[in-house]
Every structure is written in C-alpha cells, then in structure tokens.
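Enquirer: If it helps, the file is called final_34.cif and holds mmCIF, C-alpha atoms and all ligand atoms:
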```cif
data_start
#
loop_
_atom_site.group_PDB
_atom_site.id
_atom_site.type_symbol
_atom_site.label_atom_id
_atom_site.label_comp_id
_atom_site.auth_asym_id
_atom_site.auth_seq_id
_atom_site.Cartn_x
_atom_site.Cartn_y
_atom_site.Cartn_z
ATOM 1 C CA MET P 10 -11.312 7.044 0.014
ATOM 2 C CA ALA P 11 -8.609 4.473 0.495
ATOM 3 C CA SER P 12 -5.596 4.809 -1.776
ATOM 4 C CA ALA P 13 -5.378 1.066 -2.198
ATOM 5 C CA PHE P 14 -8.224 -1.285 -2.893
ATOM 6 C CA VAL P 15 -7.974 -5.019 -2.751
ATOM 7 C CA ILE P 16 -10.441 -7.679 -3.862
ATOM 8 C CA ILE P 17 -10.150 -11.230 -2.630
ATOM 9 C CA THR P 18 -11.111 -13.962 -5.048
ATOM 10 C CA ARG P 19 -10.461 -17.665 -5.238
ATOM 11 C CA ALA P 20 -8.326 -19.164 -7.955
ATOM 12 C CA PRO P 21 -10.251 -21.803 -9.885
ATOM 13 C CA GLU P 22 -7.897 -24.685 -9.309
ATOM 14 C CA GLY P 23 -8.092 -24.845 -5.543
ATOM 15 C CA GLN P 24 -8.171 -23.071 -2.260
ATOM 16 C CA ARG P 25 -5.520 -20.497 -3.071
ATOM 17 C CA SER P 26 -6.754 -16.949 -2.941
ATOM 18 C CA VAL P 27 -5.646 -14.160 -5.222
ATOM 19 C CA LEU P 28 -5.464 -10.639 -3.887
ATOM 20 C CA THR P 29 -6.169 -8.339 -6.792
ATOM 21 C CA PRO P 30 -5.211 -4.686 -6.844
ATOM 22 C CA GLY P 31 -8.568 -3.061 -7.665
ATOM 23 C CA GLY P 32 -8.641 -2.308 -11.378
ATOM 24 C CA GLN P 33 -10.578 0.949 -11.105
ATOM 25 C CA HIS P 34 -8.247 2.417 -8.515
ATOM 26 C CA ASN P 35 -5.137 3.431 -10.369
ATOM 27 C CA ALA P 36 -3.163 4.165 -7.243
ATOM 28 C CA SER P 37 -3.766 0.711 -5.781
ATOM 29 C CA ARG P 38 -0.809 -1.570 -5.247
ATOM 30 C CA LEU P 39 -0.391 -5.064 -3.894
ATOM 31 C CA VAL P 40 2.647 -6.298 -2.001
ATOM 32 C CA LEU P 41 2.941 -10.044 -1.520
ATOM 33 C CA ILE P 42 5.350 -11.693 0.868
ATOM 34 C CA ASP P 43 6.106 -15.412 0.583
ATOM 35 C CA HIS P 44 9.320 -17.326 1.136
ATOM 36 C CA PHE P 45 8.096 -19.985 -1.351
ATOM 37 C CA ASP P 46 9.668 -22.592 0.912
ATOM 38 C CA CYS P 47 13.013 -21.015 0.009
ATOM 39 C CA ASN P 48 12.430 -22.360 -3.487
ATOM 40 C CA GLU P 49 11.414 -20.198 -6.429
ATOM 41 C CA GLY P 50 9.734 -23.175 -8.157
ATOM 42 C CA ALA P 51 6.108 -24.274 -8.161
ATOM 43 C CA GLY P 52 4.714 -21.794 -5.625
ATOM 44 C CA ARG P 53 6.226 -18.837 -7.421
ATOM 45 C CA GLN P 54 4.978 -20.114 -10.786
ATOM 46 C CA ARG P 55 1.456 -20.502 -9.489
ATOM 47 C CA LEU P 56 1.526 -16.996 -8.071
ATOM 48 C CA THR P 57 2.767 -15.576 -11.382
ATOM 49 C CA PHE P 58 -0.014 -17.477 -13.187
ATOM 50 C CA ASN P 59 -2.718 -16.283 -10.774
ATOM 51 C CA LEU P 60 -1.505 -12.701 -10.911
ATOM 52 C CA ALA P 61 -1.556 -12.780 -14.705
ATOM 53 C CA LEU P 62 -5.230 -13.816 -14.515
ATOM 54 C CA THR P 63 -6.008 -10.602 -12.666
ATOM 55 C CA GLY P 64 -4.694 -8.451 -15.515
ATOM 56 C CA ALA P 65 -3.099 -6.235 -12.874
ATOM 57 C CA SER P 66 0.174 -8.005 -12.188
ATOM 58 C CA HIS P 67 2.053 -4.785 -12.972
ATOM 59 C CA LYS P 68 0.574 -3.436 -9.728
ATOM 60 C CA ALA P 69 1.921 -6.296 -7.662
ATOM 61 C CA ARG P 70 5.295 -6.484 -5.977
ATOM 62 C CA VAL P 71 6.468 -9.879 -4.756
ATOM 63 C CA ILE P 72 8.942 -10.064 -1.880
ATOM 64 C CA PRO P 73 10.325 -13.626 -1.794
ATOM 65 C CA HIS P 74 11.487 -13.614 1.825
ATOM 66 C CA PHE P 75 10.386 -14.633 5.282
ATOM 67 C CA SER P 76 7.619 -12.371 6.456
ATOM 68 C CA GLN P 77 9.347 -10.856 9.446
ATOM 69 C CA SER P 78 12.408 -9.628 7.556
ATOM 70 C CA ALA P 79 10.194 -8.508 4.649
ATOM 71 C CA ARG P 80 7.880 -6.604 6.982
ATOM 72 C CA MET P 81 10.854 -4.939 8.663
ATOM 73 C CA SER P 82 12.099 -3.820 5.228
ATOM 74 C CA LEU P 83 8.649 -2.434 4.392
ATOM 75 C CA LEU P 84 8.599 -0.565 7.696
ATOM 76 C CA LYS P 85 12.015 0.947 6.940
ATOM 77 C CA GLU P 86 10.669 2.048 3.531
ATOM 78 C CA GLY P 87 7.762 3.727 5.301
ATOM 79 C CA ALA P 88 5.218 1.612 3.413
ATOM 80 C CA ALA P 89 1.636 1.926 4.682
ATOM 81 C CA PHE P 90 -1.317 -0.251 3.735
ATOM 82 C CA ASP P 91 -5.096 -0.024 3.746
ATOM 83 C CA LEU P 92 -5.556 -3.782 3.986
ATOM 84 C CA ILE P 93 -3.181 -6.439 5.259
ATOM 85 C CA HIS P 94 -4.021 -10.109 4.773
ATOM 86 C CA ILE P 95 -2.211 -12.496 7.114
ATOM 87 C CA ASP P 96 -2.084 -16.067 5.818
ATOM 88 C CA GLY P 97 1.520 -17.195 6.101
ATOM 89 C CA ASP P 98 3.014 -18.936 9.115
ATOM 90 C CA HIS P 99 0.027 -20.660 10.706
ATOM 91 C CA SER P 100 1.614 -21.245 14.091
ATOM 92 C CA ARG P 101 0.331 -19.366 17.127
ATOM 93 C CA ARG P 102 3.629 -17.549 17.509
ATOM 94 C CA GLY P 103 3.992 -16.873 13.759
ATOM 95 C CA ALA P 104 0.505 -15.391 13.446
ATOM 96 C CA LEU P 105 1.099 -13.127 16.443
ATOM 97 C CA ALA P 106 4.546 -11.982 15.255
ATOM 98 C CA ASP P 107 3.244 -11.264 11.732
ATOM 99 C CA ALA P 108 0.239 -9.385 13.054
ATOM 100 C CA LEU P 109 2.247 -7.199 15.428
ATOM 101 C CA LEU P 110 4.702 -6.188 12.709
ATOM 102 C CA ALA P 111 1.945 -5.720 10.144
ATOM 103 C CA TRP P 112 -0.021 -3.503 12.530
ATOM 104 C CA GLN P 113 2.784 -0.953 12.417
ATOM 105 C CA SER P 114 2.382 -0.503 8.679
ATOM 106 C CA LEU P 115 -1.425 -0.423 8.674
ATOM 107 C CA LYS P 116 -2.915 2.975 7.914
ATOM 108 C CA SER P 117 -5.255 4.516 10.413
ATOM 109 C CA GLY P 118 -8.716 3.177 9.548
ATOM 110 C CA GLY P 119 -7.190 0.240 7.662
ATOM 111 C CA TYR P 120 -8.213 -3.400 7.845
ATOM 112 C CA MET P 121 -6.453 -6.541 8.954
ATOM 113 C CA LEU P 122 -7.728 -9.820 7.569
ATOM 114 C CA PHE P 123 -6.643 -13.118 9.124
ATOM 115 C CA ASP P 124 -7.109 -16.459 7.463
ATOM 116 C CA ASP P 125 -7.533 -19.889 9.047
ATOM 117 C CA TYR P 126 -8.953 -18.735 12.372
ATOM 118 C CA GLN P 127 -11.053 -21.888 12.244
ATOM 119 C CA LEU P 128 -8.357 -24.045 10.669
ATOM 120 C CA PRO P 129 -9.588 -27.648 10.916
ATOM 121 C CA THR P 130 -7.875 -29.686 13.572
ATOM 122 C CA MET P 131 -7.018 -33.379 13.470
ATOM 123 C CA ALA P 132 -10.280 -34.162 15.228
ATOM 124 C CA GLN P 133 -12.277 -32.278 12.552
ATOM 125 C CA ALA P 134 -10.331 -33.082 9.389
ATOM 126 C CA PRO P 135 -11.784 -35.952 7.345
ATOM 127 C CA PRO P 136 -9.448 -38.962 6.998
ATOM 128 C CA SER P 137 -7.927 -39.422 3.534
ATOM 129 C CA PRO P 138 -7.144 -43.158 3.325
ATOM 130 C CA SER P 139 -6.727 -43.006 -0.465
ATOM 131 C CA GLU P 140 -3.676 -40.754 -0.206
ATOM 132 C CA PRO P 141 -0.356 -42.486 0.417
ATOM 133 C CA PRO P 142 1.491 -41.171 3.490
ATOM 134 C CA SER P 143 4.042 -38.529 2.603
ATOM 135 C CA LEU P 144 6.848 -37.091 4.642
ATOM 136 C CA PHE P 145 5.736 -33.615 3.569
ATOM 137 C CA ALA P 146 1.974 -34.110 3.836
ATOM 138 C CA TYR P 147 0.287 -31.351 5.823
ATOM 139 C CA GLN P 148 -0.807 -32.526 9.239
ATOM 140 C CA PRO P 149 -3.558 -30.414 10.799
ATOM 141 C CA PRO P 150 -2.897 -29.348 14.375
ATOM 142 C CA PRO P 151 -4.579 -31.548 16.981
ATOM 143 C CA ALA P 152 -6.530 -28.695 18.579
ATOM 144 C CA VAL P 153 -7.132 -24.951 18.349
ATOM 145 C CA ASP P 154 -5.004 -24.387 21.457
ATOM 146 C CA HIS P 155 -2.053 -26.248 19.910
ATOM 147 C CA PRO P 156 1.039 -24.101 19.096
ATOM 148 C CA ALA P 157 0.647 -25.020 15.403
ATOM 149 C CA HIS P 158 -2.827 -23.439 15.232
ATOM 150 C CA PRO P 159 -3.023 -19.670 14.561
ATOM 151 C CA ARG P 160 -6.131 -18.985 16.634
ATOM 152 C CA GLU P 161 -4.504 -18.088 19.953
ATOM 153 C CA GLY P 162 -1.946 -15.904 18.160
ATOM 154 C CA ILE P 163 -4.770 -14.002 16.452
ATOM 155 C CA ASP P 164 -6.691 -13.755 19.739
ATOM 156 C CA ALA P 165 -3.586 -12.465 21.521
ATOM 157 C CA PHE P 166 -3.091 -9.817 18.850
ATOM 158 C CA LEU P 167 -6.735 -8.731 19.005
ATOM 159 C CA SER P 168 -6.461 -8.465 22.766
ATOM 160 C CA ILE P 169 -3.289 -6.366 22.543
ATOM 161 C CA VAL P 170 -4.888 -3.867 20.119
ATOM 162 C CA ARG P 171 -8.376 -3.976 21.627
ATOM 163 C CA GLU P 172 -8.497 -0.230 22.343
ATOM 164 C CA GLU P 173 -7.621 0.585 18.729
ATOM 165 C CA ALA P 174 -9.241 -2.184 16.667
ATOM 166 C CA ARG P 175 -12.733 -3.556 16.329
ATOM 167 C CA VAL P 176 -13.579 -7.050 15.120
ATOM 168 C CA LEU P 177 -15.956 -6.652 12.173
ATOM 169 C CA HIS P 178 -16.265 -10.315 11.282
ATOM 170 C CA SER P 179 -15.207 -13.538 12.941
ATOM 171 C CA GLY P 180 -15.558 -16.807 11.053
ATOM 172 C CA TYR P 181 -13.031 -18.864 9.136
ATOM 173 C CA GLN P 182 -11.473 -15.468 8.477
ATOM 174 C CA VAL P 183 -11.323 -12.595 10.942
ATOM 175 C CA LEU P 184 -11.597 -8.994 9.817
ATOM 176 C CA ALA P 185 -10.591 -6.211 12.196
HETATM 177 C C1 LIG P 201 -1.709 -21.197 3.192
HETATM 178 S S1 LIG P 201 -0.572 -20.502 2.043
HETATM 179 C C2 LIG P 201 -1.528 -19.073 1.637
HETATM 180 C C3 LIG P 201 -1.013 -18.245 0.534
HETATM 181 C C4 LIG P 201 -2.037 -17.215 -0.019
HETATM 182 N N1 LIG P 201 -2.668 -16.438 1.012
HETATM 183 C C5 LIG P 201 -3.068 -17.909 -0.857
HETATM 184 O O1 LIG P 201 -4.211 -18.063 -0.432
HETATM 185 O O2 LIG P 201 -2.745 -18.311 -1.972
HETATM 186 C C6 LIG P 201 0.682 -19.944 3.104
HETATM 187 C C7 LIG P 201 1.877 -19.389 2.363
HETATM 188 O O3 LIG P 201 2.671 -18.705 3.312
HETATM 189 C C8 LIG P 201 4.022 -18.970 3.053
HETATM 190 N N2 LIG P 201 4.687 -18.803 4.356
HETATM 191 C C9 LIG P 201 4.548 -19.557 5.468
HETATM 192 N N3 LIG P 201 5.279 -19.068 6.468
HETATM 193 C C10 LIG P 201 5.889 -17.951 5.983
HETATM 194 C C11 LIG P 201 6.785 -16.993 6.533
HETATM 195 N N4 LIG P 201 7.207 -17.080 7.799
HETATM 196 N N5 LIG P 201 7.220 -15.999 5.745
HETATM 197 C C12 LIG P 201 6.820 -15.897 4.442
HETATM 198 N N6 LIG P 201 5.975 -16.772 3.859
HETATM 199 C C13 LIG P 201 5.512 -17.785 4.622
HETATM 200 C C14 LIG P 201 4.078 -20.367 2.444
HETATM 201 O O4 LIG P 201 5.190 -20.502 1.582
HETATM 202 C C15 LIG P 201 2.745 -20.454 1.703
HETATM 203 O O5 LIG P 201 2.889 -20.137 0.334
#
```
Step by step, read the file and then write its structure as structure tokens.
Expert:
Amino acid sequence: MASAFVIITRAPEGQRSVLTPGGQHNASRLVLIDHFDCNEGAGRQRLTFNLALTGASHKARVIPHFSQSARMSLLKEGAAFDLIHIDGDHSRRGALADALLAWQSLKSGGYMLFDDYQLPTMAQAPPSPSEPPSLFAYQPPPAVDHPAHPREGIDAFLSIVREEARVLHSGYQVLA
C-alpha cells in the first residue's frame, strides 16, 4: 500500500483544486509548491483557507518558491512521492522541466497527474465582452502547439519516459 494517499477535490468557490492528504492514512503527507507570484498575499491566503477546509492542514507543507528550485531542494532531501500533480507553469518548456525533475522524486509505481492538457486555446475560449480589458488578464494560448500551452511539454515528457510509464487516462488531465 502506498505510504501517501491524496484525494483531489474542487474548492467550492471556483476551479481551484485542493489536494488533501488522505485522512485515514496517518503517514500521508502533502507538499505544495507555489511561488504565489512572489507575493504571499491572496494566493497564499486562499491556499491556507482551502487547506483548513480539509481538516488535514497539519499534514501539508507549503514551499513558497519557484518549482524548479523547490524540486531540487526536495531531491536533495531525498523526498519521494506516490503522486505528483503538475499544474504550475503552463508553458511547454515549464511543464517539461517540472515533469522531468518531478519524475526523479516519484516512487516506483507512483503516479504523475498533469493538469490542463486540453487547456482551451484562443480559438476555443468563449469571448468575455462584459469584462473590462486588464493588463494582467489571462490570455489563453492561440493553439495547442504554442509555447504557452503545456501539451507538447507533457507529450515530450511522456515520450521520454515511455519505457517506464504508462498513460492510464488522457483527457483534460493526464494520469501516467
Ligand atoms: C493554475 S494554478 C493551479 C494551482 C493548483 N493546482 C490549484 O488547482 O489550485 C497555477 C499555480 O502555479 C503557480 N506557478 C506557476 N508557475 C510556477 C512556477 N514556475 N513555480 C511555482 N509555482 C508556479 C501559480 O502561482 C499558480 O498559483
């Protein structure tokens, strides 16, 4: 049996997911990496709120850094995970870099879960004329083969590890 167990749920107020260290598995732990846009404000508060809802926030460790330096630190610690959820830098290059580093701290028989494999592109996203234009508004990538879309990074990773990993599900999320 896995030493860590993670449930994925959706927070009620939106699309943010909460990874919950499984309550019945006392040894389970959750490590979250997020740079919070280099700002410990709203994003961090929302995470703290969502974790409190799980009743298991004492099992969670938050690393408020960029993923690549955080993952290197975890590797140096010898940390090993049963499930790694990749949903940070959505660029092709970012998804690939995160996945390759994460792979090194995945336990044998563990799972990698990628988000946004089918991230809507500009052509698919519905127009939102009611929203005023904002300098910081998220702009979907124009196409799945655009550098800002994670799909080709995820595909490249899956190709690199094809002898060792099997794709179990491929939809908006990919589980391998
Ligand atoms: C789409 S959100 C998803 C967060 C979480 N999976 C959820 O569903 O609530 C992406 C998050 O990744 C963080 N992020 C983006 N690039 C990152 C990077 N290179 N290193 C660490 N965090 C990053 C952002 O600050 C943002 O909070």
Enquirer: For region 166-173 of chain P, find every residue with an atom within 12 Å (counting all atoms listed in the file), except residues of its own chain fewer than 2 positions away, and show them as a short mmCIF file (atom, residue, chain, number, x, y, z; two decimals) with C-alpha atoms, keeping the file's coordinate frame.
Expert:
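For reference, part-v4.cif as written:
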```
data_model
loop_
_atom_site.label_atom_id
_atom_site.label_comp_id
_atom_site.auth_asym_id
_atom_site.auth_seq_id
_atom_site.Cartn_x
_atom_site.Cartn_y
_atom_site.Cartn_z
CA ARG P 101 0.33 -19.37 17.13
CA ARG P 102 3.63 -17.55 17.51
CA GLY P 103 3.99 -16.87 13.76
CA ALA P 104 0.50 -15.39 13.45
CA LEU P 105 1.10 -13.13 16.44
CA ALA P 106 4.55 -11.98 15.26
CA ASP P 107 3.24 -11.26 11.73
CA ALA P 108 0.24 -9.38 13.05
CA LEU P 109 2.25 -7.20 15.43
CA LEU P 110 4.70 -6.19 12.71
CA ALA P 111 1.94 -5.72 10.14
CA TRP P 112 -0.02 -3.50 12.53
CA GLN P 113 2.78 -0.95 12.42
CA LEU P 115 -1.42 -0.42 8.67
CA SER P 117 -5.26 4.52 10.41
CA GLY P 118 -8.72 3.18 9.55
CA GLY P 119 -7.19 0.24 7.66
CA TYR P 120 -8.21 -3.40 7.84
CA MET P 121 -6.45 -6.54 8.95
CA LEU P 122 -7.73 -9.82 7.57
CA PHE P 123 -6.64 -13.12 9.12
CA PRO P 159 -3.02 -19.67 14.56
CA ARG P 160 -6.13 -18.98 16.63
CA GLU P 161 -4.50 -18.09 19.95
CA GLY P 162 -1.95 -15.90 18.16
CA ILE P 163 -4.77 -14.00 16.45
CA ASP P 164 -6.69 -13.76 19.74
CA ARG P 175 -12.73 -3.56 16.33
CA VAL P 176 -13.58 -7.05 15.12
CA LEU P 177 -15.96 -6.65 12.17
CA SER P 179 -15.21 -13.54 12.94
CA VAL P 183 -11.32 -12.60 10.94
CA LEU P 184 -11.60 -8.99 9.82
CA ALA P 185 -10.59 -6.21 12.20
#
```
Enquirer: Rank nothing, just name the residue among P:Leu128, P:Ala157, P:Val71, P:Ile42 nearest to ligand LIG 201 (chain P), using all atoms listed in the file.
Expert: P:Ile42
Enquirer: Starting from 8 Å padding per side, set up an axis-aligned box that covers all listed atoms of region 119-136 of chain P and hand over centre and edge lengths in Å, one decimal, as lines of an AutoDock Vina configuration file.
Expert:
```
center_x = -9.4
center_y = -19.4
center_z = 11.1
size_x = 21.8
size_y = 55.2
size_z = 24.2
```
Enquirer: Select, from P:Asp91, P:Gly97, P:Ser37, P:Gly50, the residue with the minimum atom-to-atom distance to ligand LIG 201 (chain P), counting all atoms listed in the file.
Expert: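 Comparing P:Asp91, P:Gly97, P:Ser37, P:Gly50 against ligand LIG 201 (chain P), the winner is P:Gly97.
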Enquirer: Between P:Asp46, P:Glu86, P:Asp154, P:Asp125, which residue has the minimum interatomic distance to ligand LIG 201 (chain P), considering all atoms listed in the file?
Expert: P:Asp46
Enquirer: Could you check which of P:Thr130, P:Ala61, P:His99, P:Arg38 is closest to ligand LIG 201 (chain P), using all atoms listed in the file?
Expert: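 Closest to ligand LIG 201 (chain P) of all the choices is P:His99.
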Enquirer: With distances taken over only C-alpha atoms, which residue among P:Ala89, P:Leu39, P:Ile72, P:Ala65 lies nearest Arg53 (chain P)?
Expert: P:Ile72
Enquirer: If I take CA of Gly52 (chain P) and CA of Ala132 (chain P), how far is one from the other in Å, to one decimal?
Expert: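 Between CA of Gly52 (chain P) and CA of Ala132 (chain P) the gap is 28.5 Å.
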Enquirer: Tell me which of P:His67, P:Ser82, P:Asn59, P:Asp96 sits closest to ligand LIG 201 (chain P), counting only C-alpha atoms and all ligand atoms.
Expert: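 Under the stated criterion, the closest residue is P:Asp96.
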Enquirer: Quick one: distance from atom S1 of ligand LIG 201 (chain P) to CA of His44 (chain P) in Å, one decimal?
Expert: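 Atom-to-atom, atom S1 of ligand LIG 201 (chain P) and CA of His44 (chain P) are spaced 10.4 Å apart.
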